[in-house]
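Have a look at start_0.pdb below; it lists PDB, C-alpha atoms.
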```pdb
ATOM      1  CA  MET V   1      30.023  23.673  93.697
ATOM      2  CA  ASN V   2      26.543  22.249  93.233
ATOM      3  CA  LYS V   3      26.017  20.795  89.739
ATOM      4  CA  HIS V   4      22.792  22.782  89.354
ATOM      5  CA  SER V   5      24.522  26.121  89.932
ATOM      6  CA  LEU V   6      24.647  28.525  86.999
ATOM      7  CA  LEU V   7      27.661  30.820  87.188
ATOM      8  CA  SER V   8      28.598  31.381  83.560
ATOM      9  CA  ILE V   9      26.970  30.618  80.223
ATOM     10  CA  GLN V  10      30.049  28.465  79.623
ATOM     11  CA  ASP V  11      28.748  26.117  82.326
ATOM     12  CA  LEU V  12      26.013  25.094  79.889
ATOM     13  CA  SER V  13      26.386  22.843  76.873
ATOM     14  CA  ILE V  14      24.374  23.589  73.742
ATOM     15  CA  HIS V  15      22.013  20.822  74.864
ATOM     16  CA  ASP V  16      21.618  22.465  78.282
ATOM     17  CA  ILE V  17      20.902  25.847  76.701
ATOM     18  CA  MET V  18      18.246  24.420  74.402
ATOM     19  CA  GLU V  19      16.607  22.557  77.317
ATOM     20  CA  ILE V  20      16.314  25.811  79.264
ATOM     21  CA  LEU V  21      14.897  27.632  76.238
ATOM     22  CA  HIS V  22      12.425  24.776  75.734
ATOM     23  CA  ASP V  23      11.318  24.969  79.375
ATOM     24  CA  ALA V  24      10.859  28.735  79.045
ATOM     25  CA  ARG V  25       8.669  28.167  76.000
ATOM     26  CA  VAL V  26       6.607  25.551  77.848
ATOM     27  CA  PHE V  27       6.141  27.919  80.781
ATOM     28  CA  ASN V  28       4.863  30.490  78.298
ATOM     29  CA  ILE V  29       2.477  28.179  76.451
ATOM     30  CA  SER V  30       1.167  25.458  78.714
ATOM     31  CA  GLN V  31       2.700  25.503  82.198
ATOM     32  CA  GLN V  32       2.049  29.029  83.424
ATOM     33  CA  ASP V  33       0.714  27.726  86.757
ATOM     34  CA  TRP V  34       3.337  25.002  87.354
ATOM     35  CA  HIS V  35       4.694  25.112  90.910
ATOM     36  CA  LEU V  36       7.700  23.436  92.469
ATOM     37  CA  PRO V  37       6.329  20.260  94.095
ATOM     38  CA  MET V  38       7.856  21.042  97.499
ATOM     39  CA  HIS V  39       6.867  23.095 100.536
ATOM     40  CA  ASN V  40      10.275  24.396 101.598
ATOM     41  CA  ALA V  41      11.429  26.011  98.372
ATOM     42  CA  LEU V  42      13.416  28.699 100.160
ATOM     43  CA  VAL V  43      15.265  31.135  97.883
ATOM     44  CA  ALA V  44      17.347  34.151  98.889
ATOM     45  CA  ASN V  45      18.181  37.011  96.530
ATOM     46  CA  LEU V  46      21.533  38.555  97.475
ATOM     47  CA  PHE V  47      22.039  41.699  95.396
ATOM     48  CA  PHE V  48      25.178  43.674  96.232
ATOM     49  CA  GLU V  49      24.594  45.998  93.245
ATOM     50  CA  PRO V  50      21.532  48.023  92.249
ATOM     51  CA  SER V  51      19.169  46.181  89.920
ATOM     52  CA  THR V  52      15.610  46.501  88.703
ATOM     53  CA  ARG V  53      14.972  44.038  85.861
ATOM     54  CA  THR V  54      17.195  41.161  87.003
ATOM     55  CA  HIS V  55      16.265  41.472  90.678
ATOM     56  CA  TYR V  56      12.517  41.692  90.294
ATOM     57  CA  SER V  57      12.408  39.349  87.327
ATOM     58  CA  PHE V  58      13.980  36.672  89.519
ATOM     59  CA  GLU V  59      11.587  37.557  92.334
ATOM     60  CA  SER V  60       8.570  37.338  90.027
ATOM     61  CA  ALA V  61       9.770  33.954  88.734
ATOM     62  CA  GLU V  62      10.301  32.699  92.289
ATOM     63  CA  TYR V  63       6.852  33.689  93.483
ATOM     64  CA  GLN V  64       5.225  32.246  90.368
ATOM     65  CA  LEU V  65       6.944  28.916  91.127
ATOM     66  CA  GLY V  66       5.653  28.932  94.709
ATOM     67  CA  CYS V  67       8.985  29.719  96.393
ATOM     68  CA  SER V  68       9.377  31.383  99.766
ATOM     69  CA  VAL V  69      11.603  34.367  99.030
ATOM     70  CA  ALA V  70      14.020  36.383 101.157
ATOM     71  CA  ASP V  71      15.261  39.703  99.816
ATOM     72  CA  PHE V  72      18.717  40.393 101.256
ATOM     73  CA  ASN V  73      19.708  44.003 101.928
ATOM     74  CA  SER V  74      23.471  44.358 102.251
ATOM     75  CA  ALA V  75      23.167  47.840 103.775
ATOM     76  CA  SER V  76      21.326  46.449 106.806
ATOM     77  CA  SER V  77      23.307  43.210 107.101
ATOM     78  CA  SER V  78      26.520  42.121 108.781
ATOM     79  CA  VAL V  79      28.362  43.001 105.560
ATOM     80  CA  THR V  80      28.524  46.527 107.040
ATOM     81  CA  LYS V  81      30.456  45.010 109.983
ATOM     82  CA  GLY V  82      33.041  43.425 107.713
ATOM     83  CA  GLU V  83      31.490  39.984 107.136
ATOM     84  CA  SER V  84      32.925  38.251 104.062
ATOM     85  CA  LEU V  85      30.843  37.196 101.084
ATOM     86  CA  TYR V  86      31.637  33.562 101.886
ATOM     87  CA  ASP V  87      30.370  33.859 105.469
ATOM     88  CA  THR V  88      27.222  35.665 104.350
ATOM     89  CA  VAL V  89      26.461  32.937 101.807
ATOM     90  CA  LYS V  90      27.383  30.165 104.247
ATOM     91  CA  THR V  91      24.922  31.646 106.727
ATOM     92  CA  PHE V  92      22.034  31.379 104.270
ATOM     93  CA  GLU V  93      23.028  27.788 103.543
ATOM     94  CA  ALA V  94      23.201  26.962 107.275
ATOM     95  CA  ILE V  95      19.767  28.380 108.079
ATOM     96  CA  GLY V  96      18.005  26.341 105.435
ATOM     97  CA  TYR V  97      17.896  28.213 102.136
ATOM     98  CA  LYS V  98      17.915  25.890  99.131
ATOM     99  CA  VAL V  99      18.940  28.225  96.267
ATOM    100  CA  LEU V 100      20.779  31.557  96.265
ATOM    101  CA  VAL V 101      20.615  34.216  93.548
ATOM    102  CA  ILE V 102      23.660  36.517  93.773
ATOM    103  CA  ARG V 103      24.721  39.714  92.007
ATOM    104  CA  HIS V 104      28.079  41.148  93.024
ATOM    105  CA  PRO V 105      30.420  43.839  91.617
ATOM    106  CA  GLN V 106      33.476  41.579  91.922
ATOM    107  CA  ASP V 107      34.464  39.657  88.786
ATOM    108  CA  GLU V 108      33.929  35.914  89.320
ATOM    109  CA  TYR V 109      32.958  36.344  92.976
ATOM    110  CA  PHE V 110      31.765  32.742  92.882
ATOM    111  CA  LYS V 111      35.327  31.425  92.934
ATOM    112  CA  GLU V 112      35.252  32.186  96.680
ATOM    113  CA  LEU V 113      32.175  29.991  97.079
ATOM    114  CA  GLU V 114      33.370  26.643  95.754
ATOM    115  CA  ASP V 115      32.673  24.953  99.114
ATOM    116  CA  ILE V 116      29.017  26.050  99.170
ATOM    117  CA  ALA V 117      26.824  22.995  98.616
ATOM    118  CA  ILE V 118      23.541  24.600  97.570
ATOM    119  CA  PRO V 119      22.970  25.927  94.020
ATOM    120  CA  ILE V 120      24.046  29.479  93.240
ATOM    121  CA  LEU V 121      22.519  31.378  90.330
ATOM    122  CA  ASN V 122      24.732  34.202  89.114
ATOM    123  CA  ALA V 123      22.701  37.355  88.529
ATOM    124  CA  GLY V 124      25.795  39.206  87.302
ATOM    125  CA  ASP V 125      29.432  39.487  88.374
ATOM    126  CA  GLY V 126      31.421  42.638  87.646
ATOM    127  CA  LYS V 127      32.013  42.871  83.904
ATOM    128  CA  GLY V 128      32.404  39.107  83.544
ATOM    129  CA  ASN V 129      29.213  37.020  83.352
ATOM    130  CA  HIS V 130      25.460  37.428  83.192
ATOM    131  CA  PRO V 131      24.151  33.996  82.188
ATOM    132  CA  THR V 132      20.424  34.529  82.704
ATOM    133  CA  GLN V 133      20.484  37.780  80.711
ATOM    134  CA  CYS V 134      22.211  35.848  77.954
ATOM    135  CA  LEU V 135      19.569  33.112  78.112
ATOM    136  CA  LEU V 136      16.687  35.570  77.890
ATOM    137  CA  ASP V 137      18.422  37.242  74.937
ATOM    138  CA  LEU V 138      18.792  33.846  73.277
ATOM    139  CA  TYR V 139      15.149  33.015  73.956
ATOM    140  CA  THR V 140      14.056  36.325  72.421
ATOM    141  CA  MET V 141      16.092  35.667  69.270
ATOM    142  CA  TYR V 142      14.975  32.043  69.013
ATOM    143  CA  ASP V 143      11.329  33.016  69.484
ATOM    144  CA  GLU V 144      11.709  35.548  66.684
ATOM    145  CA  PHE V 145      13.763  33.591  64.121
ATOM    146  CA  GLY V 146      13.406  29.912  65.111
ATOM    147  CA  THR V 147      17.132  29.266  64.695
ATOM    148  CA  PHE V 148      20.577  30.575  65.591
ATOM    149  CA  GLU V 149      22.390  29.064  62.629
ATOM    150  CA  GLY V 150      23.637  31.852  60.390
ATOM    151  CA  LEU V 151      21.906  34.596  62.407
ATOM    152  CA  ASN V 152      23.770  37.927  62.193
ATOM    153  CA  VAL V 153      23.994  39.657  65.581
ATOM    154  CA  LEU V 154      25.507  43.127  66.024
ATOM    155  CA  ILE V 155      26.323  44.204  69.603
ATOM    156  CA  CYS V 156      26.990  47.933  69.876
ATOM    157  CA  GLY V 157      28.419  50.341  72.430
ATOM    158  CA  ASP V 158      30.438  49.831  75.581
ATOM    159  CA  ILE V 159      31.851  46.382  74.826
ATOM    160  CA  ALA V 160      34.822  46.583  77.190
ATOM    161  CA  HIS V 161      32.767  46.847  80.369
ATOM    162  CA  SER V 162      29.793  44.686  79.376
ATOM    163  CA  ARG V 163      29.137  41.258  80.889
ATOM    164  CA  VAL V 164      26.203  40.980  78.455
ATOM    165  CA  ALA V 165      28.563  41.232  75.470
ATOM    166  CA  ALA V 166      30.855  38.574  76.935
ATOM    167  CA  SER V 167      28.103  36.067  77.729
ATOM    168  CA  ASN V 168      26.284  36.532  74.424
ATOM    169  CA  LYS V 169      29.430  36.196  72.320
ATOM    170  CA  ASP V 170      30.245  32.799  73.776
ATOM    171  CA  ALA V 171      26.755  31.344  73.518
ATOM    172  CA  LEU V 172      25.830  32.737  70.109
ATOM    173  CA  GLU V 173      29.036  31.583  68.446
ATOM    174  CA  ARG V 174      28.600  28.070  69.853
ATOM    175  CA  LEU V 175      25.014  28.033  68.565
ATOM    176  CA  GLY V 176      26.104  28.956  65.025
ATOM    177  CA  ALA V 177      25.377  32.689  64.900
ATOM    178  CA  ASN V 178      27.672  35.336  63.443
ATOM    179  CA  VAL V 179      28.546  38.001  66.029
ATOM    180  CA  ARG V 180      30.146  41.380  65.376
ATOM    181  CA  PHE V 181      30.763  44.398  67.590
ATOM    182  CA  ALA V 182      30.656  48.152  66.985
ATOM    183  CA  GLY V 183      31.356  51.190  69.108
ATOM    184  CA  PRO V 184      34.098  53.509  70.308
ATOM    185  CA  LYS V 185      37.541  52.033  69.690
ATOM    186  CA  GLU V 186      38.429  52.904  73.301
ATOM    187  CA  TRP V 187      35.929  50.262  74.403
ATOM    188  CA  GLY V 188      37.034  47.491  72.090
ATOM    189  CA  ARG V 189      37.910  44.083  73.479
ATOM    190  CA  GLU V 190      40.583  41.692  72.302
ATOM    191  CA  GLY V 191      39.103  38.775  70.393
ATOM    192  CA  TYR V 192      35.843  40.601  69.658
ATOM    193  CA  PRO V 193      35.566  41.148  65.871
ATOM    194  CA  THR V 194      34.487  44.691  64.995
ATOM    195  CA  ILE V 195      32.582  46.174  62.098
ATOM    196  CA  ASP V 196      31.728  49.723  61.033
ATOM    197  CA  MET V 197      28.453  50.734  62.678
ATOM    198  CA  ASP V 198      26.624  51.655  59.465
ATOM    199  CA  GLU V 199      27.786  48.494  57.714
ATOM    200  CA  GLY V 200      26.851  46.419  60.740
ATOM    201  CA  VAL V 201      23.324  47.812  60.950
ATOM    202  CA  ARG V 202      22.713  46.861  57.309
ATOM    203  CA  TRP V 203      24.175  43.367  57.904
ATOM    204  CA  ALA V 204      22.439  42.477  61.158
ATOM    205  CA  ASP V 205      19.313  40.488  61.893
ATOM    206  CA  VAL V 206      19.622  41.567  65.525
ATOM    207  CA  VAL V 207      20.943  44.970  66.600
ATOM    208  CA  MET V 208      21.694  44.873  70.322
ATOM    209  CA  MET V 209      22.498  48.222  71.914
ATOM    210  CA  LEU V 210      24.420  48.596  75.182
ATOM    211  CA  ARG V 211      24.477  51.520  77.579
ATOM    212  CA  ILE V 212      27.661  53.218  78.748
ATOM    213  CA  GLN V 213      28.742  51.444  81.956
ATOM    214  CA  LYS V 214      29.663  54.601  83.874
ATOM    215  CA  GLU V 215      29.635  52.752  87.202
ATOM    216  CA  ARG V 216      32.532  50.624  85.894
ATOM    217  CA  GLY V 217      34.595  53.619  84.869
ATOM    218  CA  ALA V 218      33.491  54.002  81.255
ATOM    219  CA  SER V 219      33.659  57.531  79.907
ATOM    220  CA  LEU V 220      34.426  59.435  76.700
ATOM    221  CA  ALA V 221      35.857  62.910  77.061
ATOM    222  CA  GLY V 222      34.281  65.836  75.246
ATOM    223  CA  ILE V 223      31.280  64.109  73.662
ATOM    224  CA  SER V 224      27.673  65.072  74.335
ATOM    225  CA  ASP V 225      24.793  62.591  74.536
ATOM    226  CA  GLU V 226      23.524  63.830  71.173
ATOM    227  CA  ASP V 227      26.937  63.399  69.558
ATOM    228  CA  TYR V 228      27.280  59.921  71.019
ATOM    229  CA  LEU V 229      23.869  58.916  69.629
ATOM    230  CA  HIS V 230      24.697  60.074  66.096
ATOM    231  CA  THR V 231      28.258  58.680  66.149
ATOM    232  CA  TYR V 232      27.841  55.359  67.957
ATOM    233  CA  GLY V 233      24.132  54.899  68.694
ATOM    234  CA  LEU V 234      20.966  53.812  66.926
ATOM    235  CA  ASP V 235      19.360  56.952  65.560
ATOM    236  CA  HIS V 236      16.670  57.304  62.885
ATOM    237  CA  ARG V 237      19.199  57.374  60.052
ATOM    238  CA  ARG V 238      20.570  53.971  61.064
ATOM    239  CA  TYR V 239      17.110  52.619  61.849
ATOM    240  CA  ALA V 240      16.183  53.248  58.218
ATOM    241  CA  MET V 241      19.166  51.088  57.154
ATOM    242  CA  MET V 242      17.994  48.001  59.050
ATOM    243  CA  LYS V 243      16.685  44.900  57.292
ATOM    244  CA  GLU V 244      12.913  44.639  57.037
ATOM    245  CA  ASN V 245      12.695  41.768  59.544
ATOM    246  CA  ALA V 246      15.576  42.815  61.805
ATOM    247  CA  ILE V 247      14.915  43.488  65.482
ATOM    248  CA  ILE V 248      16.339  45.817  68.142
ATOM    249  CA  MET V 249      17.391  44.517  71.550
ATOM    250  CA  HIS V 250      18.882  46.079  74.688
ATOM    251  CA  PRO V 251      19.576  44.491  78.104
ATOM    252  CA  ALA V 252      18.468  47.737  79.812
ATOM    253  CA  PRO V 253      18.433  50.011  81.676
ATOM    254  CA  VAL V 254      18.155  52.183  78.587
ATOM    255  CA  ASN V 255      19.628  55.664  78.439
ATOM    256  CA  ARG V 256      17.150  57.130  75.983
ATOM    257  CA  GLY V 257      18.711  59.602  73.594
ATOM    258  CA  VAL V 258      22.239  58.291  74.227
ATOM    259  CA  GLU V 259      22.719  54.806  72.773
ATOM    260  CA  ILE V 260      19.258  54.743  71.172
ATOM    261  CA  ALA V 261      16.814  57.444  70.095
ATOM    262  CA  ASP V 262      14.001  57.886  72.609
ATOM    263  CA  ASP V 263      11.132  56.921  70.314
ATOM    264  CA  LEU V 264      12.936  53.832  68.972
ATOM    265  CA  VAL V 265      12.829  52.125  72.385
ATOM    266  CA  GLU V 266       9.216  51.061  71.749
ATOM    267  CA  CYS V 267       9.154  51.112  67.948
ATOM    268  CA  GLU V 268       7.875  48.298  65.741
ATOM    269  CA  LYS V 269      11.250  46.558  65.503
ATOM    270  CA  SER V 270      12.031  46.867  69.214
ATOM    271  CA  ARG V 271      11.913  43.800  71.449
ATOM    272  CA  ILE V 272      13.311  45.565  74.509
ATOM    273  CA  PHE V 273      10.267  45.145  76.756
ATOM    274  CA  LYS V 274       9.637  41.698  75.290
ATOM    275  CA  GLN V 275      13.094  40.734  76.564
ATOM    276  CA  MET V 276      12.007  41.694  80.064
ATOM    277  CA  GLU V 277       8.870  39.572  79.748
ATOM    278  CA  ASN V 278      10.971  36.669  78.488
ATOM    279  CA  GLY V 279      13.350  37.101  81.412
ATOM    280  CA  VAL V 280      10.736  35.815  83.843
ATOM    281  CA  LEU V 281      10.142  32.706  81.706
ATOM    282  CA  VAL V 282      13.849  31.926  81.437
ATOM    283  CA  ARG V 283      14.469  32.492  85.143
ATOM    284  CA  LYS V 284      11.593  30.176  86.008
ATOM    285  CA  ALA V 285      13.314  27.516  83.909
ATOM    286  CA  VAL V 286      16.700  28.171  85.581
ATOM    287  CA  ILE V 287      15.217  28.066  89.096
ATOM    288  CA  LYS V 288      13.369  24.828  88.300
ATOM    289  CA  ARG V 289      16.675  23.361  87.118
ATOM    290  CA  ALA V 290      18.457  24.614  90.267
ATOM    291  CA  PHE V 291      16.039  22.635  92.422
ATOM    292  CA  GLY V 292      17.036  19.505  90.501
ATOM    293  CA  TYR V 293      13.962  18.999  88.309
ATOM    294  CA  SER V 294      14.447  17.678  84.792
ATOM    295  CA  ALA V 295      13.450  19.613  81.707
ATOM    296  CA  PHE V 296       9.872  19.251  80.522
ATOM    297  CA  LYS V 297       9.442  16.547  77.910
ATOM    298  CA  GLU V 298       9.416  17.564  74.285
ATOM    299  CA  ASP V 299       5.968  17.733  72.680
TER     300      ASP V 299
END
```
Go ahead and render the structure in this file as structure tokens.
Amino acid sequence: MNKHSLLSIQDLSIHDIMEILHDARVFNISQQDWHLPMHNALVANLFFEPSTRTHYSFESAEYQLGCSVADFNSASSSVTKGESLYDTVKTFEAIGYKVLVIRHPQDEYFKELEDIAIPILNAGDGKGNHPTQCLLDLYTMYDEFGTFEGLNVLICGDIAHSRVAASNKDALERLGANVRFAGPKEWGREGYPTIDMDEGVRWADVVMMLRIQKERGASLAGISDEDYLHTYGLDHRRYAMMKENAIIMHPAPVNRGVEIADDLVECEKSRIFKQMENGVLVRKAVIKRAFGYSAFKED
């Protein structure tokens, strides 16, 4: 596997993470118009699952960096004829693409691609990893608080099926944050320390809500959306419990009125759309790294 691939947040050391966050900050402040210094920056986006934010955030980042972009459509490809993931990816490598961005419903699909020489950027695999979502979450927190050390992060909802929960837990704990989880006991996860939702909301500097991953089989029998919101979600009662400087995050898509009250999605404490904005900055940094360019120098 190419050393500039990014498959899991665990691939990155703390130093690597901070370099990417630094590059994202530089892109935001002083390098908005920086382009890859090459003419054949060919990138293919291979999305085998529906996606809005991740897909088009990557695409926006690619175009802003001056890449030539191919948008792969599995429904009109040889995948429908039984072609394997490996052969599809190998084809893009053979015809000259330099970086591949892949989202796939199979957990750790990339283990089938160890012989691929070009960098692969994981845009999400099953319920396992979502490293660039984790990085944009980290950037959003770092931009807000200036540190991870001692930061209290509460992740709430469908923990069992969430690749966001898995990626964030690993990175935040390594960076010195305190991470707790809340939600239905049916969706707990071994090794993920839980806390009562009300207690957690009072404790947290960051309250990160997760949607119910129905496409991965998540369901709760006999509970309405309204009941779920008041039992497990962020409603106005819990919002009033939050610390003065605490923020709300969500990887989206948001199911308004289910895991979070509709009018809290864009409230004063919400950073949900800011996360999306930050996603382009982080993905620019990750793509730059994939092409082998060093991090920008510190100021």
Discussion item. Residue by residue, what does the PyMOL selection byres ((chain V and resi 28-39) around 8) grab here? Present the result as a PyMOL selection string.
Written reply: chain V and resi 24-27+40-41+64-67+281+288
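Rounded to one decimal, CA of Asn122 (chain V) and CA of Gln10 (chain V) lie 12.3 Å from each other.
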Residue members of the PyMOL selection byres ((chain V and resi 262) around 12) in the file shown, as a short mmCIF file (atom, residue, chain, number, x, y, z; two decimals) with C-alpha atoms, in the frame of the given file:
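Result went into expr-v2.cif, see below:
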```
data_model
loop_
_atom_site.label_atom_id
_atom_site.label_comp_id
_atom_site.auth_asym_id
_atom_site.auth_seq_id
_atom_site.Cartn_x
_atom_site.Cartn_y
_atom_site.Cartn_z
CA ASP V 225 24.79 62.59 74.54
CA GLU V 226 23.52 63.83 71.17
CA LEU V 229 23.87 58.92 69.63
CA GLY V 233 24.13 54.90 68.69
CA LEU V 234 20.97 53.81 66.93
CA ASP V 235 19.36 56.95 65.56
CA HIS V 236 16.67 57.30 62.88
CA VAL V 254 18.16 52.18 78.59
CA ASN V 255 19.63 55.66 78.44
CA ARG V 256 17.15 57.13 75.98
CA GLY V 257 18.71 59.60 73.59
CA VAL V 258 22.24 58.29 74.23
CA GLU V 259 22.72 54.81 72.77
CA ILE V 260 19.26 54.74 71.17
CA ALA V 261 16.81 57.44 70.10
CA ASP V 263 11.13 56.92 70.31
CA LEU V 264 12.94 53.83 68.97
CA VAL V 265 12.83 52.12 72.39
CA GLU V 266 9.22 51.06 71.75
CA CYS V 267 9.15 51.11 67.95
CA SER V 270 12.03 46.87 69.21
#
```
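Going from CA of Tyr97 (chain V) over to CA of Leu42 (chain V), you cover 4.9 Å.
Interatomic distance, CA of Leu154 (chain V) against CA of Glu49 (chain V): 27.4 Å.
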Step by step, gather every atom of region 118-132 of chain V that the file lists, find the box along x, y and z that holds them, add 4 Å on each side, and finally give centre and edge lengths in Å to one decimal, as lines of an AutoDock Vina configuration file.
```
center_x = 26.4
center_y = 33.7
center_z = 89.9
size_x = 20.0
size_y = 26.3
size_z = 23.4
```
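Close contacts of region 159-166 of chain V, defined as residues with an atom at most 8 Å away when counting all atoms listed in the file, with chain neighbours fewer than 3 positions off set aside, comprise Gly124, Asp125, Gly126, Lys127, Gly128, Asn129, His130, Gln133, Cys134, Ile155, Cys156, Lys169, Asp170, Phe181, Gly183, Trp187, Gly188, Arg189, Leu210, Gln213, Arg216, Ala218 and Pro251 of chain V.
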Residue selection dump (C-alpha atoms) as a PDB file, keeping the file's coordinate frame:
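Just written: part_35.pdb:
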```
ATOM      1  CA  GLY V 124      25.795  39.206  87.302  1.00  0.00           C
ATOM      2  CA  ASP V 125      29.432  39.487  88.374  1.00  0.00           C
ATOM      3  CA  GLY V 126      31.421  42.638  87.646  1.00  0.00           C
ATOM      4  CA  LYS V 127      32.013  42.871  83.904  1.00  0.00           C
ATOM      5  CA  GLY V 128      32.404  39.107  83.544  1.00  0.00           C
ATOM      6  CA  ASN V 129      29.213  37.020  83.352  1.00  0.00           C
ATOM      7  CA  HIS V 130      25.460  37.428  83.192  1.00  0.00           C
ATOM      8  CA  GLN V 133      20.484  37.780  80.711  1.00  0.00           C
ATOM      9  CA  CYS V 134      22.211  35.848  77.954  1.00  0.00           C
ATOM     10  CA  ILE V 155      26.323  44.204  69.603  1.00  0.00           C
ATOM     11  CA  CYS V 156      26.990  47.933  69.876  1.00  0.00           C
ATOM     12  CA  LYS V 169      29.430  36.196  72.320  1.00  0.00           C
ATOM     13  CA  ASP V 170      30.245  32.799  73.776  1.00  0.00           C
ATOM     14  CA  PHE V 181      30.763  44.398  67.590  1.00  0.00           C
ATOM     15  CA  GLY V 183      31.356  51.190  69.108  1.00  0.00           C
ATOM     16  CA  TRP V 187      35.929  50.262  74.403  1.00  0.00           C
ATOM     17  CA  GLY V 188      37.034  47.491  72.090  1.00  0.00           C
ATOM     18  CA  ARG V 189      37.910  44.083  73.479  1.00  0.00           C
ATOM     19  CA  LEU V 210      24.420  48.596  75.182  1.00  0.00           C
ATOM     20  CA  GLN V 213      28.742  51.444  81.956  1.00  0.00           C
ATOM     21  CA  ARG V 216      32.532  50.624  85.894  1.00  0.00           C
ATOM     22  CA  ALA V 218      33.491  54.002  81.255  1.00  0.00           C
ATOM     23  CA  PRO V 251      19.576  44.491  78.104  1.00  0.00           C
TER      24      PRO V 251
END
```
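Shortest separation to Glu62 (chain V) among V:Ala246, V:Val79, V:Asp23, V:Val101 occurs at residue V:Val101, atoms counted being only C-alpha atoms.
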Worksheet item: Hey, which of V:Lys269, V:Arg238, V:Lys297, V:His22 ends up closest to Leu135 (chain V)? Count only C-alpha atoms.
Response: V:His22
